[in-house]
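Asks: Sharing my_file09.txt, compact mmCIF, C-alpha atoms:
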# COMPACT_ATOMS: atom_id res chain seq x y z
CA MET A 20 43.09 -33.53 -89.73
CA LYS A 21 43.34 -37.29 -89.80
CA ARG A 22 46.10 -38.56 -87.57
CA ALA A 23 48.26 -41.65 -88.12
CA GLY A 24 46.58 -44.72 -86.73
CA ARG A 25 48.18 -46.61 -83.89
CA ARG A 26 48.90 -50.27 -84.18
CA ALA A 27 46.66 -52.62 -82.29
CA ALA A 28 47.99 -53.87 -79.00
CA GLY A 29 49.64 -57.27 -79.07
CA ALA A 30 52.87 -59.12 -78.56
CA GLN A 31 55.96 -57.18 -79.66
CA LEU A 32 59.16 -58.84 -80.82
CA VAL A 33 62.32 -56.88 -81.65
CA LEU A 34 64.95 -58.94 -83.43
CA ILE A 35 68.42 -57.39 -83.06
CA SER A 36 71.18 -58.42 -85.43
CA GLY A 37 74.37 -56.99 -86.85
CA ARG A 38 78.09 -57.55 -86.99
CA SER A 39 80.02 -58.29 -83.83
CA GLY A 40 81.07 -55.13 -81.99
CA SER A 41 78.32 -52.98 -83.51
CA GLY A 42 76.43 -52.46 -80.24
CA LYS A 43 73.93 -55.31 -79.92
CA SER A 44 74.57 -55.72 -76.18
CA ALA A 45 74.06 -51.99 -75.63
CA ALA A 46 70.81 -52.21 -77.61
CA LEU A 47 69.56 -55.09 -75.46
CA ASN A 48 70.41 -53.17 -72.29
CA ALA A 49 68.55 -50.09 -73.53
CA LEU A 50 65.40 -52.06 -74.31
CA GLU A 51 65.58 -54.00 -71.06
CA ASP A 52 65.48 -50.66 -69.22
CA VAL A 53 62.09 -49.86 -70.79
CA GLY A 54 60.48 -53.18 -69.95
CA PHE A 55 61.49 -55.61 -72.67
CA CYS A 56 62.36 -59.19 -71.76
CA CYS A 57 65.76 -59.54 -73.47
CA ILE A 58 67.48 -62.69 -74.71
CA ASP A 59 71.00 -62.71 -76.15
CA ASN A 60 72.15 -65.29 -78.69
CA LEU A 61 68.87 -67.16 -79.06
CA PRO A 62 69.09 -69.89 -81.75
CA ALA A 63 66.80 -68.66 -84.51
CA ARG A 64 64.90 -71.96 -84.64
CA PHE A 65 63.27 -71.07 -81.30
CA LEU A 66 61.72 -67.80 -82.53
CA PRO A 67 58.31 -69.35 -83.36
CA GLU A 68 58.16 -70.95 -79.91
CA LEU A 69 59.03 -67.62 -78.31
CA ALA A 70 56.27 -65.88 -80.28
CA ASN A 71 53.77 -68.51 -79.10
CA MET A 72 54.96 -68.12 -75.52
CA GLN A 73 54.42 -64.36 -75.72
CA GLN A 74 50.70 -64.77 -76.00
CA ALA A 75 50.46 -66.09 -72.44
CA ALA A 76 53.41 -64.25 -70.87
CA ASP A 77 52.95 -61.39 -68.43
CA SER A 78 55.60 -59.46 -70.37
CA ARG A 79 54.62 -59.42 -74.03
CA ARG A 80 57.57 -57.37 -75.23
CA PHE A 81 60.66 -59.37 -76.16
CA ALA A 82 63.99 -58.29 -77.66
CA VAL A 83 66.18 -61.06 -79.06
CA ALA A 84 69.72 -60.89 -80.44
CA VAL A 85 70.39 -63.29 -83.32
CA ASP A 86 73.71 -63.18 -85.16
CA VAL A 87 76.52 -65.39 -86.47
CA ARG A 88 76.81 -67.17 -83.13
CA THR A 89 73.65 -69.06 -84.08
CA PRO A 90 74.09 -72.13 -86.36
CA SER A 91 74.43 -71.19 -90.03
CA THR A 92 71.45 -73.40 -90.91
CA ASP A 93 69.33 -71.29 -88.57
CA LEU A 94 70.53 -68.07 -90.20
CA GLN A 95 69.53 -69.40 -93.62
CA ARG A 96 66.04 -70.21 -92.31
CA LEU A 97 65.61 -66.93 -90.46
CA PRO A 98 63.60 -65.01 -93.13
CA ASP A 99 61.12 -67.89 -93.38
CA LEU A 100 60.91 -68.21 -89.60
CA LEU A 101 60.10 -64.51 -89.27
CA GLN A 102 57.55 -64.69 -92.07
CA ASN A 103 55.70 -67.47 -90.28
CA LEU A 104 55.36 -65.82 -86.88
CA ARG A 105 51.88 -65.47 -85.46
CA PRO A 106 50.05 -62.55 -87.12
CA GLN A 107 49.32 -61.04 -83.68
CA THR A 108 53.07 -60.50 -83.15
CA ARG A 109 54.35 -57.02 -84.02
CA ARG A 110 57.82 -57.67 -85.35
CA THR A 111 60.66 -55.19 -85.82
CA ILE A 112 64.06 -56.15 -87.24
CA LEU A 113 66.87 -53.89 -86.00
CA PHE A 114 70.23 -54.13 -87.75
CA LEU A 115 73.35 -52.49 -86.29
CA ASP A 116 76.65 -52.05 -88.07
CA ALA A 117 79.78 -49.89 -88.24
CA ALA A 118 82.73 -49.46 -90.56
CA THR A 119 85.13 -52.40 -90.51
CA ALA A 120 87.99 -50.20 -89.26
CA VAL A 121 85.83 -49.08 -86.32
CA LEU A 122 84.90 -52.67 -85.45
CA VAL A 123 88.56 -53.76 -85.59
CA LYS A 124 89.48 -50.90 -83.25
CA ARG A 125 86.72 -51.90 -80.81
CA PHE A 126 87.90 -55.52 -80.76
CA ASN A 127 91.48 -54.42 -80.16
CA GLU A 128 90.36 -52.22 -77.26
CA THR A 129 88.16 -54.84 -75.58
CA ARG A 130 90.33 -57.86 -76.45
CA ARG A 131 87.18 -59.87 -77.16
CA LYS A 132 87.35 -62.77 -79.60
CA HIS A 133 85.31 -62.60 -82.77
CA PRO A 134 83.10 -65.71 -83.07
CA LEU A 135 84.39 -66.46 -86.60
CA THR A 136 88.13 -66.06 -86.01
CA ASP A 137 90.35 -69.12 -85.75
CA SER A 138 93.90 -70.15 -86.55
CA ARG A 139 93.24 -69.61 -90.29
CA THR A 140 90.92 -66.59 -90.20
CA SER A 141 91.99 -63.05 -89.31
CA LEU A 142 89.70 -60.52 -87.66
CA ALA A 143 89.25 -58.54 -90.90
CA GLU A 144 88.42 -61.73 -92.79
CA ALA A 145 85.95 -62.76 -90.09
CA LEU A 146 84.16 -59.40 -90.30
CA ALA A 147 83.94 -59.71 -94.10
CA LYS A 148 82.50 -63.21 -93.77
CA GLU A 149 80.07 -61.95 -91.16
CA SER A 150 78.78 -59.33 -93.61
CA GLU A 151 78.03 -62.07 -96.13
CA LEU A 152 76.21 -64.25 -93.61
CA LEU A 153 74.06 -61.38 -92.36
CA ALA A 154 73.41 -59.72 -95.73
CA GLU A 155 69.88 -61.07 -96.06
CA ILE A 156 68.89 -59.91 -92.59
CA SER A 157 70.37 -56.48 -93.30
CA GLU A 158 68.28 -56.15 -96.46
CA VAL A 159 64.96 -56.84 -94.71
CA ALA A 160 65.67 -54.76 -91.57
CA ASP A 161 62.98 -52.29 -90.53
CA LEU A 162 65.50 -50.07 -88.75
CA SER A 163 69.23 -49.87 -89.59
CA ILE A 164 71.67 -47.85 -87.49
CA GLN A 165 75.35 -47.14 -88.15
CA THR A 166 77.05 -46.84 -84.77
CA ASP A 167 80.40 -45.43 -85.98
CA GLN A 168 79.88 -41.92 -84.62
CA ILE A 169 77.28 -42.38 -81.90
CA THR A 170 77.79 -43.21 -78.24
CA HIS A 171 75.97 -45.86 -76.23
CA TYR A 172 73.95 -42.99 -74.78
CA ASP A 173 72.88 -41.87 -78.28
CA LEU A 174 71.96 -45.44 -79.22
CA ARG A 175 69.94 -45.80 -76.03
CA GLN A 176 68.00 -42.60 -76.81
CA ILE A 177 67.25 -43.68 -80.37
CA LEU A 178 66.05 -47.15 -79.39
CA GLN A 179 64.04 -46.11 -76.38
CA SER A 180 62.25 -43.41 -78.35
CA GLN A 181 61.62 -45.54 -81.45
CA LEU A 182 61.00 -48.96 -79.92
CA GLY A 183 60.17 -48.31 -76.29
CA THR A 184 57.45 -45.67 -76.40
CA GLY A 185 54.54 -47.36 -74.72
CA ALA A 186 53.16 -50.83 -75.13
CA GLY A 187 51.24 -49.83 -78.24
CA GLY A 188 54.24 -48.71 -80.28
CA GLY A 189 53.20 -47.08 -83.54
CA GLN A 190 54.55 -44.94 -86.32
CA GLN A 191 57.12 -42.35 -85.38
CA LEU A 192 58.59 -39.31 -87.11
CA VAL A 193 61.76 -37.67 -85.74
CA ILE A 194 62.83 -34.16 -86.79
CA GLU A 195 66.49 -33.51 -85.95
CA SER A 196 68.55 -30.34 -86.32
CA PHE A 197 72.33 -30.54 -86.74
CA GLY A 198 75.37 -28.52 -87.75
CA PHE A 199 77.32 -29.46 -90.88
CA ARG A 200 80.43 -28.15 -89.09
CA TYR A 201 80.27 -31.15 -86.74
CA GLY A 202 79.57 -33.86 -89.30
CA LEU A 203 76.55 -35.43 -90.95
CA PRO A 204 74.00 -37.38 -88.93
CA THR A 205 74.68 -41.11 -89.03
CA PHE A 206 70.99 -41.93 -88.87
CA CYS A 207 68.41 -40.17 -91.05
CA ASP A 208 66.13 -40.82 -94.03
CA TYR A 209 65.79 -37.29 -95.47
CA MET A 210 68.29 -34.45 -95.10
CA PHE A 211 67.74 -30.77 -95.93
CA ASP A 212 70.50 -28.14 -96.15
CA VAL A 213 69.36 -24.67 -94.96
CA ARG A 214 72.76 -22.96 -94.94
CA ASN A 215 71.65 -20.59 -97.72
CA LEU A 216 69.21 -18.82 -95.36
CA PRO A 217 70.05 -15.55 -93.53
CA ASN A 218 72.27 -16.44 -90.58
CA PRO A 219 71.58 -14.92 -87.13
CA HIS A 220 75.16 -15.77 -86.21
CA TRP A 221 76.28 -12.63 -88.07
CA VAL A 222 74.03 -10.40 -85.96
CA PRO A 223 76.11 -9.75 -82.80
CA ALA A 224 73.06 -9.39 -80.54
CA LEU A 225 71.67 -12.76 -81.72
CA ARG A 226 74.87 -14.80 -81.70
CA PRO A 227 74.58 -15.92 -78.02
CA HIS A 228 70.98 -17.11 -78.55
CA ASN A 229 69.70 -20.22 -80.30
CA GLY A 230 66.75 -20.98 -82.56
CA ARG A 231 64.43 -21.78 -79.66
CA GLU A 232 64.82 -18.31 -78.11
CA GLN A 233 62.54 -15.43 -79.01
CA PRO A 234 65.09 -12.95 -80.44
CA VAL A 235 66.23 -15.51 -83.03
CA ILE A 236 62.65 -16.68 -83.68
CA ASP A 237 61.57 -13.10 -84.37
CA PHE A 238 64.52 -12.50 -86.68
CA LEU A 239 63.94 -15.65 -88.74
CA ARG A 240 60.18 -15.12 -88.98
CA GLU A 241 60.86 -11.78 -90.67
CA GLN A 242 62.98 -13.41 -93.41
CA PRO A 243 60.84 -14.35 -96.47
CA ALA A 244 63.34 -17.00 -97.56
CA VAL A 245 62.96 -18.84 -94.23
CA GLY A 246 59.19 -19.13 -94.61
CA GLU A 247 59.62 -20.22 -98.23
CA MET A 248 62.12 -22.92 -97.22
CA GLN A 249 59.76 -24.19 -94.52
CA ARG A 250 56.84 -24.41 -96.96
CA SER A 251 58.98 -26.16 -99.57
CA ILE A 252 60.12 -28.83 -97.10
CA GLN A 253 56.56 -29.37 -95.86
CA GLU A 254 55.19 -29.61 -99.40
CA PHE A 255 57.86 -32.14 -100.32
CA LEU A 256 57.39 -34.31 -97.24
CA ASP A 257 53.60 -34.23 -96.83
CA PRO A 258 52.68 -36.70 -99.60
CA TRP A 259 55.74 -38.89 -99.13
CA LEU A 260 55.27 -39.34 -95.38
CA ALA A 261 51.69 -40.43 -95.95
CA ALA A 262 52.85 -42.94 -98.57
CA ILE A 263 55.69 -44.25 -96.41
CA PHE A 264 53.58 -44.67 -93.28
CA SER A 265 50.77 -46.35 -95.22
CA GLY A 266 53.26 -49.02 -96.25
CA SER A 267 55.58 -51.11 -94.12
CA ARG A 268 57.75 -48.32 -92.64
CA SER A 269 57.10 -47.31 -89.05
CA TYR A 270 60.08 -45.02 -88.30
CA LEU A 271 61.36 -42.02 -90.22
CA THR A 272 63.97 -39.37 -89.38
CA VAL A 273 64.22 -36.00 -91.14
CA ALA A 274 67.43 -34.00 -90.58
CA ILE A 275 67.67 -30.22 -90.99
CA GLY A 276 71.21 -28.85 -91.16
CA CYS A 277 72.76 -25.39 -90.99
CA THR A 278 76.39 -24.44 -90.40
CA GLY A 279 76.61 -24.69 -86.61
CA GLY A 280 73.30 -26.36 -85.80
CA LYS A 281 72.33 -23.61 -83.39
CA HIS A 282 70.05 -21.10 -85.12
CA ARG A 283 68.40 -21.78 -88.50
CA SER A 284 68.16 -25.57 -88.34
CA VAL A 285 66.85 -25.45 -84.76
CA TYR A 286 64.15 -22.95 -85.65
CA LEU A 287 63.03 -24.86 -88.75
CA ALA A 288 63.08 -28.22 -86.95
CA ASP A 289 60.74 -26.78 -84.33
CA GLN A 290 58.42 -25.35 -87.00
CA LEU A 291 58.31 -28.68 -88.86
CA HIS A 292 57.69 -30.50 -85.60
CA ARG A 293 54.69 -28.26 -84.96
CA HIS A 294 53.37 -28.82 -88.50
CA PHE A 295 53.64 -32.62 -88.50
CA ARG A 296 52.46 -33.02 -84.92
CA ALA A 297 49.02 -31.99 -86.18
CA GLN A 298 49.01 -35.01 -88.52
CA TYR A 299 50.81 -37.80 -86.66
CA ASP A 300 50.49 -39.08 -83.13
CA ASN A 301 54.17 -39.71 -82.48
CA VAL A 302 56.45 -36.86 -83.63
CA LEU A 303 59.69 -36.03 -81.80
CA VAL A 304 62.15 -33.17 -82.24
CA ARG A 305 65.85 -33.37 -81.37
CA HIS A 306 68.55 -30.70 -81.52
CA ARG A 307 71.90 -32.45 -81.79
CA GLU A 308 74.13 -29.44 -81.18
CA LEU A 309 72.06 -28.09 -78.26
CA ARG A 310 72.47 -31.20 -76.10
Turn this file's structure into structure tokens for me.
Replies:
Amino acid sequence: MKRAGRRAAGAQLVLISGRSGSGKSAALNALEDVGFCCIDNLPARFLPELANMQQAADSRRFAVAVDVRTPSTDLQRLPDLLQNLRPQTRRTILFLDAATAVLVKRFNETRRKHPLTDSRTSLAEALAKESELLAEISEVADLSIQTDQITHYDLRQILQSQLGTGAGGGQQLVIESFGFRYGLPTFCDYMFDVRNLPNPHWVPALRPHNGREQPVIDFLREQPAVGEMQRSIQEFLDPWLAAIFSGSRSYLTVAIGCTGGKHRSVYLADQLHRHFRAQYDNVLVRHRELR
């Protein structure tokens, strides 16, 4: 079966933006740990020069944070600057954000000053203004992450797996299991609810096991509805993944949820991982509730 093609090697530039307090510094730290040369608060006007410099640099992987600290004229020019980068540069725009109430709480805890606050502008007003100034960048982002309910460790895992996997990069599909009992994933593109399937939790001998262990695997394999659900999800995703990856998207996350995230969703996520791994080079599986 034809596998997803890898991008040609070349300079890689990750542009990180987002509202203040959303985790841009943590994102830079995570990428620095996997070999990126990281620059915080680079004036956007210097992006073309940085892209040119990459061609001769020993390290050809740069991550740059650009936000409202840069001059407003630079922010307005940013889409054009990105459009005019050298064609050899593989560019990814990462946008981080969180609910305003969460950002206010973070500022109160750290006692940091928001770059747009002054004697006439409150923190809430500054965050609203920041949303307006960054709206255009948010709309063209390749990868958007809400950091409300994820830790710095979670953010590090996401970024290192999606942006730091080898110098060649490439398209990536993530299959993630989760439990509805513990809240919805904050980062996914497709979500499937499998709570209607037979639940091993109600079989006393299976309750201590999870969907990666043989007793549960055997039980679920014997349930016709489980196989039918797996085929339905595969048949839905197969054509759409091909269409998405043939376009401009490089990262996609599919979430599979059951009640507790321990049995049915884990089993199905593993089965889907096995199915799509035969088609795409870079397929990961994560089990949120088994960590």
Asks: List as an NGL selection string the protein and nucleic acid residues near Leu50 of chain A, meaning an atom at most 10 Å away when only C-alpha atoms are counted, but skip any in the same chain fewer than 4 places from it.
Replies: :A and (33 or 45-46 or 54-57 or 80-82 or 175 or 178-179 or 182-183)
Asks: Select, from A:Ala117, A:Val87, A:Val285, A:Ile58, the residue with the minimum atom-to-atom distance to His228 of chain A, counting only C-alpha atoms.
Replies: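 Ranked by minimum distance to His228 of chain A, first place goes to A:Val285.
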Asks: Would you pick out the contacts of Leu256 of chain A at 10 Å or less, using all atoms listed in the file, so that residues sharing its chain but fewer than 5 positions from it are not included, and give the list as a list of chain:residue names?
Replies: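 Within the cut-off, the hits are A:Tyr209, A:Arg250, A:Ser251, A:Ala261, A:Ala262, A:Val273, A:Phe295.
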Asks: For Thr205 of chain A, list every protein, DNA or RNA residue within 12 Å, evaluated using only C-alpha atoms, and leave out those in the same chain fewer than 4 positions away; present the list as an NGL selection string.
Replies: :A and (115-118 or 163-170 or 173-174 or 177 or 195 or 197 or 201 or 209-210 or 272-274 or 307)
Asks: In Å, how far is it from atom CA of Leu97 of chain A to atom CA of Ala63 of chain A?
Replies: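 A separation of 6.3 Å between them.
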Asks: Using all atoms listed in the file, find the one residue out of A:Ser150, A:Asn229, A:Gln298, A:Thr89 that sits nearest to Asp257 of chain A.
Replies: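 Closest to Asp257 of chain A of all the choices is A:Gln298.
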Asks: Select, from A:Glu149, A:Asp99, A:Asp208, A:Glu241, the residue with the minimum atom-to-atom distance to Ile263 of chain A, counting all atoms listed in the file.
Replies: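 Of A:Glu149, A:Asp99, A:Asp208, A:Glu241, the one nearest Ile263 of chain A is A:Asp208, counting all atoms listed in the file.
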Asks: I'd like the contact shell of Ala84 of chain A - 8 Å cut-off, all atoms listed in the file, skipping same-chain residues fewer than 2 positions apart - returned as a ChimeraX atom specification.
Replies: /A:34-36,43,47,58-61,82,86
Asks: Under the rule that all atoms listed in the file are counted, which of A:Leu104, A:Pro219, A:Arg38, A:Leu309 is the nearest residue to Leu135 of chain A?
Replies: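 Smallest distance to Leu135 of chain A is found for A:Arg38.
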Asks: Can you tell me how far atom CA of Leu122 of chain A sits from atom CA of Tyr270 of chain A, in Å to one decimal?
Replies: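 Calculated distance between atom CA of Leu122 of chain A and atom CA of Tyr270 of chain A is 26.1 Å.
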Asks: Nearest residue to Leu192 of chain A out of A:Asp300, A:Glu254, A:Glu151, A:Asp93, using only C-alpha atoms?
Replies: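 Among A:Asp300, A:Glu254, A:Glu151, A:Asp93, it is A:Asp300 that comes nearest to Leu192 of chain A.
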Asks: Using all atoms listed in the file, which of A:Thr140, A:Leu152, A:Leu216, A:Ala70 sits nearest Leu94 of chain A?
Replies: A:Leu152
Asks: Quick one: residues within 12 Å of Leu225 of chain A, all atoms listed in the file, excluding same-chain residues fewer than 3 positions away - as a list in words?
Replies: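 Listed by chain and then number, they are Asn218, Pro219, His220, Trp221, Val222, His228, Asn229, Gly230, Arg231, Glu232, Gln233, Pro234, Val235, Ile236, Asp237, Phe238, Leu239, Lys281, His282 and Arg283 of chain A.
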Asks: How many Å lie between atom CA of Gln176 of chain A and atom CA of Thr129 of chain A, rounded to one decimal?
Replies: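 According to the coordinates, atom CA of Gln176 of chain A and atom CA of Thr129 of chain A are separated by 23.6 Å.
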Asks: To test the calculation: enclose all listed atoms of segment 38-49 of chain A in a box whose edges run along x, y and z, add 4 Å on each side, then state centre and edge lengths in Å to one decimal, as lines of an AutoDock Vina configuration file.
Replies:
center_x = 74.8
center_y = -54.2
center_z = -79.6
size_x = 20.5
size_y = 16.2
size_z = 22.7
Asks: Could you give me segment 156-170 of chain A completed to N, CA and C atoms, formatted as a PDB file, keeping the file's coordinate frame?
Replies:
ATOM      1  N   ILE A 156      69.574 -60.560 -93.704  1.00  0.00           N
ATOM      2  CA  ILE A 156      68.890 -59.910 -92.590  1.00  0.00           C
ATOM      3  C   ILE A 156      68.995 -58.401 -92.726  1.00  0.00           C
ATOM      4  N   SER A 157      70.165 -57.918 -93.125  1.00  0.00           N
ATOM      5  CA  SER A 157      70.370 -56.480 -93.300  1.00  0.00           C
ATOM      6  C   SER A 157      69.394 -55.904 -94.323  1.00  0.00           C
ATOM      7  N   GLU A 158      69.137 -56.642 -95.383  1.00  0.00           N
ATOM      8  CA  GLU A 158      68.280 -56.150 -96.460  1.00  0.00           C
ATOM      9  C   GLU A 158      66.820 -56.024 -96.037  1.00  0.00           C
ATOM     10  N   VAL A 159      66.380 -56.868 -95.102  1.00  0.00           N
ATOM     11  CA  VAL A 159      64.960 -56.840 -94.710  1.00  0.00           C
ATOM     12  C   VAL A 159      64.740 -56.081 -93.397  1.00  0.00           C
ATOM     13  N   ALA A 160      65.795 -55.455 -92.858  1.00  0.00           N
ATOM     14  CA  ALA A 160      65.670 -54.760 -91.570  1.00  0.00           C
ATOM     15  C   ALA A 160      64.688 -53.595 -91.671  1.00  0.00           C
ATOM     16  N   ASP A 161      63.895 -53.421 -90.614  1.00  0.00           N
ATOM     17  CA  ASP A 161      62.980 -52.290 -90.530  1.00  0.00           C
ATOM     18  C   ASP A 161      63.706 -51.020 -90.087  1.00  0.00           C
ATOM     19  N   LEU A 162      64.770 -51.204 -89.316  1.00  0.00           N
ATOM     20  CA  LEU A 162      65.500 -50.070 -88.750  1.00  0.00           C
ATOM     21  C   LEU A 162      66.986 -50.420 -88.765  1.00  0.00           C
ATOM     22  N   SER A 163      67.788 -49.650 -89.505  1.00  0.00           N
ATOM     23  CA  SER A 163      69.230 -49.870 -89.590  1.00  0.00           C
ATOM     24  C   SER A 163      69.959 -48.672 -89.002  1.00  0.00           C
ATOM     25  N   ILE A 164      70.941 -48.937 -88.148  1.00  0.00           N
ATOM     26  CA  ILE A 164      71.670 -47.850 -87.490  1.00  0.00           C
ATOM     27  C   ILE A 164      73.168 -48.102 -87.622  1.00  0.00           C
ATOM     28  N   GLN A 165      73.888 -47.108 -88.125  1.00  0.00           N
ATOM     29  CA  GLN A 165      75.350 -47.140 -88.150  1.00  0.00           C
ATOM     30  C   GLN A 165      75.841 -46.544 -86.823  1.00  0.00           C
ATOM     31  N   THR A 166      76.630 -47.282 -86.098  1.00  0.00           N
ATOM     32  CA  THR A 166      77.050 -46.840 -84.770  1.00  0.00           C
ATOM     33  C   THR A 166      78.453 -46.247 -84.745  1.00  0.00           C
ATOM     34  N   ASP A 167      79.030 -45.947 -85.917  1.00  0.00           N
ATOM     35  CA  ASP A 167      80.400 -45.430 -85.980  1.00  0.00           C
ATOM     36  C   ASP A 167      80.597 -44.191 -85.106  1.00  0.00           C
ATOM     37  N   GLN A 168      79.678 -43.223 -85.236  1.00  0.00           N
ATOM     38  CA  GLN A 168      79.880 -41.920 -84.620  1.00  0.00           C
ATOM     39  C   GLN A 168      78.872 -41.616 -83.523  1.00  0.00           C
ATOM     40  N   ILE A 169      78.223 -42.623 -82.996  1.00  0.00           N
ATOM     41  CA  ILE A 169      77.280 -42.380 -81.900  1.00  0.00           C
ATOM     42  C   ILE A 169      77.729 -43.140 -80.657  1.00  0.00           C
ATOM     43  N   THR A 170      77.430 -42.583 -79.507  1.00  0.00           N
ATOM     44  CA  THR A 170      77.790 -43.210 -78.240  1.00  0.00           C
ATOM     45  C   THR A 170      76.694 -44.187 -77.823  1.00  0.00           C
TER      46      THR A 170
END
